[in-house]
Amino acid sequence: IREMRFLQSALSLTSRIFAARPARTTQFVVGRVPLMVARRPFSDGHPVVFAIESVEDFNEYVINSTTPVLVDFHADWCGPCKLLGPRLEEKVTNRAGSVLMAKVNVDDAGELASEWNITAVPTIMAFTNGECVGEFKGNVSDDELDSFIERAIEASQ
């Protein structure tokens, strides 16, 4: 059990360290050392789903993005976040770069949560050309997710 906890902690830490890297990464664990291999850059050199941990990151990767960005304000302890996050990530990844997804853990980035008046998690906001063009709170159906993503993409055109 201790070894499993160590591996989970190491993977979590490694995920945070490499989340903002400009390539898609697959994680493997050899012994007790997490290794980062199989880096596959996307066409623009940035991952489709990435972590935001500061106001500076938010401004650079969300506000200044020329591609629509969905921002997932979530928390590790939030049940609905654990259900919605993977579904949203899959839908964004399947859109082949026409939309991006930024993940903001409100416990780690409280300043951002305050700045954007996040009062509930999950809160998903859509940004196009630096402007918020849509928002919803809580878990929604797949059809509602698809519609939300399409509206964000259309708003950028």
# chains A, B, ... in the order shown; residues from 1 in each chain; ligands from 1
call {"tool": "residues_around", "arguments": {"residues": "range 92-101 of chain A", "least_positions_apart": "6", "cutoff": "10 Å", "atoms": "only C-alpha atoms", "output": "PyMOL selection string"}}
result
chain A and resi 42-44+46-52+61-62+65-72+86+124-128+145-146+149-150+152-153+156
call {"tool": "residues_around", "arguments": {"residues": "Asp143 in chain A", "least_positions_apart": "4", "cutoff": "12 Å", "atoms": "only C-alpha atoms", "output": "compact mmCIF listing (two decimals) with N, CA and C atoms, in the first residue's frame"}}
result
# COMPACT_ATOMS: atom_id res chain seq x y z
N ARG A 87 -14.75 13.35 -19.51
CA ARG A 87 -15.64 13.41 -20.68
C ARG A 87 -15.32 14.64 -21.52
N LEU A 88 -15.12 15.76 -20.85
CA LEU A 88 -14.81 17.00 -21.56
C LEU A 88 -13.44 16.90 -22.24
N LYS A 91 -13.78 14.87 -25.43
CA LYS A 91 -14.45 15.62 -26.50
C LYS A 91 -13.54 16.68 -27.10
N ASN A 139 -22.46 19.22 -13.70
CA ASN A 139 -22.33 18.19 -14.71
C ASN A 139 -23.47 18.30 -15.70
N SER A 147 -22.91 20.78 -27.72
CA SER A 147 -23.46 22.08 -28.11
C SER A 147 -22.62 23.22 -27.57
N PHE A 148 -22.18 23.12 -26.33
CA PHE A 148 -21.35 24.15 -25.71
C PHE A 148 -20.03 24.32 -26.48
N ILE A 149 -19.41 23.20 -26.81
CA ILE A 149 -18.14 23.24 -27.54
C ILE A 149 -18.35 23.84 -28.93
N GLU A 150 -19.41 23.44 -29.62
CA GLU A 150 -19.69 23.97 -30.96
C GLU A 150 -19.94 25.48 -30.91
call {"tool": "select_by_dssp", "arguments": {"residues": "range 53-148 of chain A", "states": "strand (DSSP E or B)", "output": "NGL selection string"}}
result
:A and (69-74 or 100-105 or 123-128 or 131-137)
call {"tool": "closest_residue", "arguments": {"among": "A:Asp108, A:Cys132, A:Phe73, A:Val55", "to": "Ala120 in chain A", "atoms": "only C-alpha atoms"}}
result
A:Phe73
call {"tool": "residues_around", "arguments": {"residues": "Val140 in chain A", "least_positions_apart": "4", "cutoff": "10 Å", "atoms": "only C-alpha atoms", "output": "number ranges by chain"}}
result
A: 80, 83-84, 136, 144-145
